[in-house]
Structures are given as C-alpha cells and as structure tokens.
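Note: the block below is coords_31.txt and it holds compact mmCIF, C-alpha atoms.
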# COMPACT_ATOMS: atom_id res chain seq x y z
CA MET I 1 121.91 72.92 82.60
CA ALA I 2 122.80 76.42 83.78
CA ILE I 3 122.12 77.26 87.42
CA GLU I 4 119.93 80.33 87.68
CA ARG I 5 121.28 83.31 89.60
CA LYS I 6 118.99 85.64 91.48
CA LYS I 7 119.37 89.14 90.06
CA VAL I 8 118.19 92.31 91.76
CA GLY I 9 118.47 95.91 90.62
CA ILE I 10 118.31 99.07 92.73
CA ILE I 11 117.44 102.29 90.93
CA GLY I 12 118.66 105.20 93.01
CA THR I 13 121.89 104.98 95.02
CA GLY I 14 121.22 107.81 97.45
CA ASN I 15 121.10 107.30 101.20
CA VAL I 16 118.27 104.76 101.10
CA GLY I 17 119.34 102.87 97.99
CA ALA I 18 122.93 102.55 99.16
CA THR I 19 121.92 101.38 102.63
CA LEU I 20 119.58 98.82 101.11
CA ALA I 21 122.35 97.62 98.80
CA PHE I 22 124.60 97.01 101.80
CA TYR I 23 121.78 95.11 103.54
CA LEU I 24 121.23 92.87 100.50
CA VAL I 25 124.94 92.16 100.25
CA THR I 26 125.51 91.41 103.94
CA GLU I 27 122.39 89.20 104.08
CA HIS I 28 123.26 87.58 100.71
CA LEU I 29 119.73 88.05 99.41
CA CYS I 30 120.71 87.79 95.75
CA ASP I 31 123.56 86.55 93.59
CA ASP I 32 123.89 89.60 91.36
CA LEU I 33 123.13 93.20 92.28
CA VAL I 34 122.92 95.97 89.67
CA LEU I 35 123.09 99.60 90.80
CA ILE I 36 121.50 102.21 88.54
CA ASP I 37 121.71 105.95 89.06
CA ARG I 38 121.69 109.05 86.88
CA ASN I 39 124.84 110.04 88.73
CA GLU I 40 127.10 107.31 87.37
CA LYS I 41 130.07 108.39 89.51
CA LYS I 42 127.97 107.88 92.65
CA ALA I 43 126.88 104.44 91.46
CA VAL I 44 130.49 103.47 90.73
CA ALA I 45 131.63 104.65 94.17
CA GLU I 46 128.88 102.66 95.89
CA MET I 47 129.71 99.59 93.77
CA LEU I 48 133.37 99.72 94.75
CA ASP I 49 132.59 100.26 98.42
CA LEU I 50 130.19 97.29 98.41
CA GLN I 51 132.74 95.09 96.66
CA HIS I 52 135.33 96.00 99.29
CA SER I 53 132.86 95.17 102.07
CA MET I 54 132.83 91.54 100.96
CA GLY I 55 136.50 91.02 101.67
CA TYR I 56 135.80 89.52 105.09
CA SER I 57 132.11 88.67 104.77
CA GLY I 58 132.22 85.23 103.18
CA ASN I 59 129.87 86.47 100.46
CA ASN I 60 130.74 86.71 96.81
CA ILE I 61 127.87 88.65 95.26
CA GLY I 62 128.38 90.16 91.85
CA VAL I 63 127.89 93.92 92.24
CA THR I 64 127.90 96.00 89.05
CA ILE I 65 126.53 99.28 87.77
CA GLY I 66 124.11 99.49 84.88
CA THR I 67 121.47 101.49 83.05
CA TYR I 68 117.79 100.95 82.29
CA ALA I 69 118.95 98.84 79.33
CA ASP I 70 120.26 96.25 81.81
CA CYS I 71 116.88 95.62 83.45
CA GLY I 72 115.56 92.99 81.06
CA ASP I 73 116.81 89.92 82.94
CA LEU I 74 116.37 91.21 86.49
CA ASP I 75 114.09 89.25 88.80
CA LEU I 76 113.28 92.24 90.97
CA ILE I 77 113.80 95.99 90.78
CA VAL I 78 113.70 98.28 93.81
CA LEU I 79 112.79 101.89 93.07
CA ALA I 80 114.70 103.97 95.61
CA ILE I 81 114.64 107.27 93.76
CA SER I 82 113.63 110.31 95.76
CA ALA I 83 111.77 113.47 94.90
CA PRO I 84 113.20 116.77 96.20
CA TYR I 85 112.46 117.26 99.90
CA THR I 86 112.63 120.37 102.05
CA PRO I 87 111.91 120.53 105.79
CA GLY I 88 108.23 120.98 106.53
CA MET I 89 107.04 118.93 103.57
CA VAL I 90 104.83 115.88 104.04
CA ARG I 91 105.11 112.84 101.80
CA MET I 92 102.18 113.82 99.58
CA ASP I 93 103.85 117.14 98.75
CA MET I 94 106.30 115.12 96.65
CA ALA I 95 103.64 113.29 94.61
CA GLY I 96 103.81 115.28 91.37
CA SER I 97 107.59 115.37 91.08
CA ALA I 98 107.97 111.70 92.09
CA VAL I 99 105.42 110.43 89.57
CA LYS I 100 106.95 112.63 86.88
CA ILE I 101 110.26 110.79 87.37
CA VAL I 102 108.45 107.44 87.26
CA LYS I 103 106.60 108.47 84.09
CA GLU I 104 109.95 108.91 82.32
CA MET I 105 111.63 105.87 83.84
CA VAL I 106 109.15 102.98 83.81
CA PRO I 107 108.46 102.89 80.03
CA GLU I 108 112.22 102.75 79.39
CA ILE I 109 112.54 99.81 81.77
CA MET I 110 109.63 97.95 80.20
CA LYS I 111 111.17 98.33 76.71
CA THR I 112 113.91 95.92 77.86
CA GLY I 113 111.38 93.13 78.35
CA PHE I 114 111.48 93.31 82.14
CA ASP I 115 108.95 90.84 83.51
CA GLY I 116 109.84 90.65 87.17
CA ILE I 117 108.64 92.40 90.33
CA PHE I 118 108.85 96.06 91.28
CA VAL I 119 109.32 96.95 94.94
CA VAL I 120 108.70 100.66 95.46
CA ILE I 121 110.22 102.71 98.27
CA THR I 122 109.82 106.15 96.68
CA ASN I 123 107.40 108.44 98.53
CA PRO I 124 104.52 109.01 98.50
CA VAL I 125 104.74 105.25 98.15
CA ASP I 126 101.03 104.51 97.71
CA VAL I 127 100.64 106.99 94.87
CA VAL I 128 103.93 106.07 93.22
CA SER I 129 103.21 102.33 93.40
CA TYR I 130 99.82 102.89 91.76
CA TRP I 131 101.35 104.74 88.82
CA VAL I 132 104.26 102.29 88.45
CA GLN I 133 101.67 99.58 87.99
CA LYS I 134 99.63 101.59 85.50
CA LEU I 135 102.68 102.67 83.50
CA SER I 136 104.33 99.24 83.49
CA GLY I 137 101.24 97.20 82.62
CA LEU I 138 102.48 94.45 84.94
CA PRO I 139 99.94 92.52 87.02
CA ASP I 140 99.36 94.57 90.17
CA SER I 141 100.43 91.55 92.24
CA ARG I 142 103.96 92.23 90.95
CA VAL I 143 104.13 95.93 91.83
CA ILE I 144 104.51 96.26 95.59
CA GLY I 145 105.16 99.31 97.75
CA THR I 146 106.79 99.18 101.16
CA GLY I 147 103.54 100.64 102.49
CA THR I 148 103.09 100.69 106.25
CA SER I 149 105.75 98.06 106.97
CA LEU I 150 108.14 100.51 108.60
CA ASP I 151 105.30 102.23 110.48
CA SER I 152 104.31 98.81 111.84
CA ALA I 153 107.86 98.20 113.05
CA ARG I 154 107.73 101.56 114.83
CA LEU I 155 104.40 100.62 116.40
CA ARG I 156 105.81 97.37 117.76
CA LEU I 157 108.82 99.13 119.24
CA TYR I 158 106.60 101.80 120.79
CA LEU I 159 104.32 99.28 122.50
CA ALA I 160 107.21 97.02 123.53
CA THR I 161 108.99 99.94 125.17
CA VAL I 162 105.88 101.02 127.07
CA MET I 163 105.10 97.48 128.24
CA GLY I 164 108.65 96.31 128.87
CA VAL I 165 108.58 93.36 126.47
CA ASP I 166 110.54 92.25 123.43
CA PRO I 167 109.20 93.87 120.20
CA ARG I 168 108.97 90.39 118.70
CA SER I 169 106.20 89.63 121.22
CA VAL I 170 104.03 92.38 119.74
CA GLU I 171 101.78 91.55 116.80
CA GLY I 172 100.11 94.37 114.94
CA PHE I 173 100.17 96.36 111.72
CA CYS I 174 99.42 99.92 110.69
CA MET I 175 97.09 100.22 107.70
CA GLY I 176 96.13 102.75 105.05
CA GLU I 177 98.36 105.49 103.68
CA HIS I 178 102.05 105.55 104.52
CA GLY I 179 101.49 109.05 105.80
CA ASP I 180 99.27 111.25 107.88
CA SER I 181 95.98 109.39 107.28
CA GLN I 182 97.27 105.96 108.32
CA PHE I 183 95.72 104.30 111.36
CA ILE I 184 96.27 101.45 113.80
CA PRO I 185 93.54 98.78 113.87
CA TRP I 186 93.74 98.27 117.63
CA SER I 187 91.23 95.44 117.49
CA GLN I 188 93.91 93.37 115.73
CA VAL I 189 96.92 94.24 117.94
CA SER I 190 98.11 91.64 120.42
CA VAL I 191 101.00 91.06 122.80
CA GLY I 192 101.89 87.46 123.55
CA SER I 193 98.74 86.45 121.65
CA LYS I 194 96.56 88.47 124.06
CA LYS I 195 94.50 91.25 122.53
CA PHE I 196 95.94 94.63 123.42
CA THR I 197 92.47 96.01 124.12
CA ASP I 198 92.05 93.27 126.76
CA ILE I 199 95.48 94.05 128.22
CA LEU I 200 94.40 97.67 128.68
CA LYS I 201 91.21 96.58 130.45
CA ASP I 202 93.03 94.15 132.72
CA ASN I 203 95.87 96.53 133.65
CA PRO I 204 94.32 99.98 134.04
CA GLU I 205 96.87 101.24 136.57
CA ARG I 206 99.97 99.80 134.97
CA LEU I 207 99.09 101.09 131.49
CA LYS I 208 97.27 104.29 132.37
CA GLY I 209 100.00 106.28 130.62
CA ILE I 210 99.25 104.75 127.21
CA ASN I 211 97.45 107.07 124.84
CA LEU I 212 96.22 105.33 121.68
CA GLU I 213 96.02 108.55 119.71
CA GLU I 214 99.58 109.41 120.72
CA ALA I 215 100.75 106.00 119.53
CA ASN I 216 99.15 106.65 116.16
CA ARG I 217 100.76 110.10 115.93
CA TYR I 218 104.13 108.65 116.86
CA THR I 219 104.10 105.97 114.16
CA SER I 220 102.96 108.37 111.43
CA GLN I 221 105.06 111.41 112.38
CA ILE I 222 108.38 110.19 113.82
CA ALA I 223 109.90 109.95 110.34
CA TYR I 224 109.69 113.73 109.93
CA GLN I 225 111.68 114.22 113.12
CA ILE I 226 114.42 111.94 111.78
CA MET I 227 114.41 113.60 108.36
CA GLU I 228 114.75 117.09 109.80
CA VAL I 229 118.02 116.08 111.44
CA LYS I 230 119.65 113.62 109.00
CA GLY I 231 117.76 114.32 105.77
CA ALA I 232 116.29 110.85 105.33
CA THR I 233 115.34 107.68 107.17
CA THR I 234 117.72 104.97 106.02
CA TYR I 235 118.36 102.00 108.32
CA GLY I 236 114.74 101.24 109.13
CA ILE I 237 113.43 101.39 105.57
CA ALA I 238 116.45 99.49 104.25
CA ALA I 239 115.90 96.66 106.74
CA VAL I 240 112.17 96.53 106.02
CA THR I 241 112.70 96.51 102.27
CA GLY I 242 115.39 93.89 102.62
CA GLN I 243 112.95 91.62 104.45
CA ILE I 244 110.34 92.18 101.73
CA VAL I 245 112.94 91.28 99.10
CA ARG I 246 113.84 88.16 101.09
CA ALA I 247 110.19 87.08 101.31
CA ILE I 248 109.87 87.38 97.53
CA MET I 249 113.20 85.92 96.49
CA GLU I 250 112.87 82.97 98.89
CA ASP I 251 109.14 82.39 98.31
CA GLU I 252 108.42 82.66 102.03
CA ASN I 253 104.63 83.15 101.97
CA LYS I 254 105.19 85.72 104.70
CA VAL I 255 102.75 88.46 105.69
CA PHE I 256 103.85 92.10 105.40
CA PRO I 257 101.73 95.28 105.53
CA VAL I 258 102.72 96.43 102.04
CA SER I 259 101.17 98.92 99.67
CA THR I 260 99.13 96.84 97.26
CA MET I 261 96.10 97.08 94.99
CA PHE I 262 92.66 96.51 96.48
CA HIS I 263 90.13 94.46 94.50
CA GLY I 264 87.06 94.72 96.68
CA GLU I 265 88.77 93.84 99.95
CA TYR I 266 87.28 95.97 102.73
CA GLY I 267 84.93 97.38 100.07
CA MET I 268 87.80 99.25 98.37
CA GLU I 269 88.74 99.24 94.67
CA ASP I 270 91.49 100.64 92.43
CA VAL I 271 93.72 102.04 95.15
CA TYR I 272 97.13 101.13 96.55
CA MET I 273 97.59 101.40 100.30
CA GLY I 274 99.05 99.55 103.25
CA CYS I 275 97.39 96.24 104.06
CA PRO I 276 98.75 92.93 105.39
CA ALA I 277 99.43 90.70 102.38
CA VAL I 278 101.04 87.33 101.75
CA LEU I 279 104.28 87.66 99.73
CA THR I 280 105.64 84.90 97.50
CA SER I 281 108.03 84.62 94.58
CA ARG I 282 105.15 85.76 92.36
CA GLY I 283 104.47 88.86 94.42
CA VAL I 284 101.28 89.42 96.40
CA LYS I 285 99.33 86.18 96.72
CA GLU I 286 96.43 87.54 98.75
CA LEU I 287 95.42 90.26 101.15
CA VAL I 288 94.61 89.53 104.78
CA GLU I 289 91.08 90.69 105.59
CA TYR I 290 90.55 91.55 109.24
CA HIS I 291 87.18 91.92 110.93
CA LEU I 292 87.65 95.64 111.55
CA THR I 293 85.46 97.66 113.88
CA ASP I 294 83.12 100.19 112.27
CA GLU I 295 85.45 103.01 113.31
CA GLU I 296 88.50 101.25 111.87
CA GLN I 297 86.65 100.58 108.61
CA LYS I 298 85.83 104.29 108.36
CA SER I 299 89.49 105.16 108.95
CA LEU I 300 90.56 102.81 106.16
CA GLU I 301 87.99 104.26 103.77
CA LYS I 302 89.03 107.81 104.67
CA SER I 303 92.68 106.99 103.97
CA GLY I 304 91.84 105.23 100.71
CA ASN I 305 89.70 108.11 99.50
CA PHE I 306 92.51 110.56 100.26
CA ILE I 307 95.00 108.48 98.26
CA ARG I 308 92.52 108.23 95.38
CA SER I 309 92.14 112.01 95.35
CA MET I 310 95.92 112.35 95.10
CA ASN I 311 96.01 109.85 92.23
CA ALA I 312 93.37 111.90 90.41
CA SER I 313 95.30 115.12 91.02
CA VAL I 314 98.53 113.63 89.69
CA LYS I 315 96.69 112.22 86.67
CA GLU I 316 95.31 115.63 85.77
CA LYS I 317 98.57 117.47 86.42
CA LEU I 318 100.78 115.11 84.39
CA GLY I 319 98.27 114.09 81.74
CA LEU I 320 98.45 110.39 82.59
Show the structure stored in the file as structure tokens.
Amino acid sequence: MAIERKKVGIIGTGNVGATLAFYLVTEHLCDDLVLIDRNEKKAVAEMLDLQHSMGYSGNNIGVTIGTYADCGDLDLIVLAISAPYTPGMVRMDMAGSAVKIVKEMVPEIMKTGFDGIFVVITNPVDVVSYWVQKLSGLPDSRVIGTGTSLDSARLRLYLATVMGVDPRSVEGFCMGEHGDSQFIPWSQVSVGSKKFTDILKDNPERLKGINLEEANRYTSQIAYQIMEVKGATTYGIAAVTGQIVRAIMEDENKVFPVSTMFHGEYGMEDVYMGCPAVLTSRGVKELVEYHLTDEEQKSLEKSGNFIRSMNASVKEKLGL
C-alpha cells in the first residue's frame, strides 16, 4: 500500500507567498510543495532557493513549480496572489481587481478535479474568500480566509507589552472584517484566565494609560504603517498562515479567528468574516459563539453589513 504524502500548493510567489513557502519548509508542514506563479522565472528562483535551504535543515520536502493543471491532487491550496497596491489604499480598495483575478483562476483550478481546502490570504480577505467559495462550489467549510488571525496576534502583543507579560498569557481575538471595521470583543479578552475588564477595574492606577479605542486602532491600522515602508507585511501573515495550515494538515481541532461563512451564528447569514472557529483536516468544524455584549453584537453586525455591501458591489461590477 502506498504511503500518502501531504501535498500543498501556493499560488503567488511574491513576498508573502515566498515567505510562507519558507515557513512550510522549515516547519516541515507538508511532504510536497508546489509553487505556482504567472512569472515562471520567479517561481523557479524561489524553488531553487528553497531547495538549497534544506541542505542543513534535516528536511527533505519535495519543492517543485507547477501550473493550475497540477492542482488536482493537492490537499490544500494557499492563495497568496495580490492585487495592485499603492500607498494610501485600504484593503477594500483592492476588492474589484482581486476578485477579478480569482474569477479567472478558480474555475481553471476546479477543472483539474481539485477537492481539497483553500486557504485565502489575498486581501480584502473576507470578500475574496466569499467569492472563492462561490466560484469553486466547494463546501464553505473548506474555503477559509486568514481573517483576523494576524490582527489577534497583534492584539496579544499590544496588551502583553502594556502589562509586562508574555503574549502567550493573553487570550483574545479580534472579530469581523480584516480591515477598518473590525473590533475587539473586550468581554472575551483575558490575561492569565482573568477577564481583562476585571483587570482594568482592579488596577486603575497601573493601567490608566490603556485606551481601548487606541488598542483597536492599533490592531486594525498598524499593517498600513508596515506596508508604507516595506511594501507588504510578510513574516506575521506567513507565520499565521503556516499555523492555520498546520492545524488543518495535522487535524488539530485548534481554534483560530479565521474568515469563514456564517450560517445564523450571531444572527448573521451569507457572509465571510473573522470569527473564532475550530479547524480540522476537513476545514472549519464549527464556529465559536461568544456571549457578546449588546455593543459588541452591534459592532459585529456593522462589520458584516459592510462586507456584504462590498460583495454586492463586486458582484455588480464583475457580473458574478
């Protein structure tokens, strides 16, 4: 009997795709890695560089280049393509051009018989994930966006720095759009299993410098500061995506705040946005439903309605 090999494809070998590829190789998160890019020379260069990196790593992952025709037997495909970006743009400004690329790409992939899982990085990730699911026809549990996972990592670092604790002691997720309308459900944030709202009450002098609105602005806006200087965020999103891939490939049943389809959870329907969800080898198993405050529920609905309006705009513009 043949031993099955875990096969992952990355479409888009730009800054993010290449960094993710290196993460997958160094962490040995698959057995075979296929790099796909319209710029074949770039894909070849990244392939060779990755192969050379394994000389002293102890890993022996098969890294090759391919085309959409090679997607049929992949277990998981990461979409790391990027729409054109110029300084001053927000993620939603890229919606039309990003979905246009997806509209051309996804049907070609599905012609190969691909029946695995899509993990979407491409921004605006909530809108793009929604249309990847619609265009692919795959169960929405198997089309997953990175959502607010990176924002949540930024939140944990922010609070850990302010409080002087290890980020791993902070529990909390951002929810909603991966963008300007996202929010932090403070009622669900804890440090060392103690509710953060209680910590604020018990330590008014020590934590008087903490501004909750500033924390929300930081987690949603810091990416633009990075992009203005280096053109893209790479290490953070690569690490987050790598952990999502690990959770799926190793059937971890681990909770991540990914962009996923809502089916009545929190009173929301037919929209992709960031929400804590349990990830397994079959994709999203279930969403985690918090007991949000009335204000937090309104923030989630506001974010969801904004994303829905963008989906409708893209649908009309591209004739989907």
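Restricting the calculation to all atoms listed in the file, the smallest distance between Phe256 of chain I and any of I:Asp140, I:Asp202, I:Asp151, I:Glu214 is found for I:Asp151.
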All residues 12 Å or closer to Leu292 of chain I, only C-alpha atoms, same chain fewer than 6 positions away omitted, as a short mmCIF file (atom, residue, chain, number, x, y, z; two decimals) with C-alpha atoms, in the frame of the given file:
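The result, stored in out_19.cif:
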data_model
loop_
_atom_site.label_atom_id
_atom_site.label_comp_id
_atom_site.auth_asym_id
_atom_site.auth_seq_id
_atom_site.Cartn_x
_atom_site.Cartn_y
_atom_site.Cartn_z
CA MET I 175 97.09 100.22 107.70
CA PHE I 183 95.72 104.30 111.36
CA ILE I 184 96.27 101.45 113.80
CA PRO I 185 93.54 98.78 113.87
CA TRP I 186 93.74 98.27 117.63
CA SER I 187 91.23 95.44 117.49
CA GLN I 188 93.91 93.37 115.73
CA VAL I 189 96.92 94.24 117.94
CA GLU I 265 88.77 93.84 99.95
CA TYR I 266 87.28 95.97 102.73
CA GLY I 267 84.93 97.38 100.07
CA LYS I 298 85.83 104.29 108.36
CA SER I 299 89.49 105.16 108.95
CA LEU I 300 90.56 102.81 106.16
CA GLU I 301 87.99 104.26 103.77
#
Using Å and a single decimal, report how far atom CA of Glu289 of chain I sits from atom CA of Ala160 of chain I. 24.9 Å
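When atom CA of Ile61 of chain I is paired with atom CA of Ile244 of chain I, their separation reads 19.0 Å.
Of the residues under consideration (I:Met310, I:Thr67, I:Asp93, I:Leu74), I:Thr67 shows the shortest atom-to-atom contact distance to Glu108 of chain I when counting all atoms listed in the file.
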Identify which of the residues I:Val162, I:Ala18, I:Asp294, I:Arg282 lies closest to Leu138 of chain I, counting only C-alpha atoms when measuring atom-to-atom distances. I:Arg282
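Across I:Pro107, I:Gly137, I:Gly172, I:Pro276, the tightest approach to Arg156 of chain I is made by I:Gly172 when counting only C-alpha atoms.
In this structure, atom CA of Gly145 of chain I sits 8.3 Å away from atom CA of Tyr272 of chain I.
Closest approach to Ser303 of chain I among I:Glu4, I:Asp251, I:Asp270, I:Glu177: I:Glu177, based on only C-alpha atoms.
Using only C-alpha atoms, the smallest distance between any of I:Val102, I:Val240, I:Val229, I:Met163 and Asn203 of chain I comes from I:Met163.
Counting only C-alpha atoms, Leu320 of chain I has the following residues at most 12 Å away, ignoring those fewer than 5 positions along the same chain: I:Gly96, I:Val99, I:Lys100, I:Val102, I:Lys103, I:Glu104, I:Tyr130, I:Trp131, I:Val132, I:Lys134, I:Leu135, I:Asn311, I:Ala312, I:Ser313, I:Val314, I:Lys315.
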Listed atoms of segment 221-238 of chain I, axis-aligned box, 8 Å per side: centre and edge lengths to one decimal in Å, as AutoDock Vina command-line options?
--center_x 112.4 --center_y 108.3 --center_z 109.0 --size_x 30.6 --size_y 33.6 --size_z 25.6
Name the residues, using the chain letters and numbers of the file, that sit within 7 Å of (117.9, 102.0, 105.3) when counting all atoms listed in the file, and give them as an MDAnalysis selection string. chainID I and resid 16 19:20 233:239
Give me the residues within 8 Å of segment 220-226 of chain I as an MDAnalysis selection string, counting all atoms listed in the file and dropping any in the same chain fewer than 6 places off. chainID I and resid 90 151 178:180 182 232:233
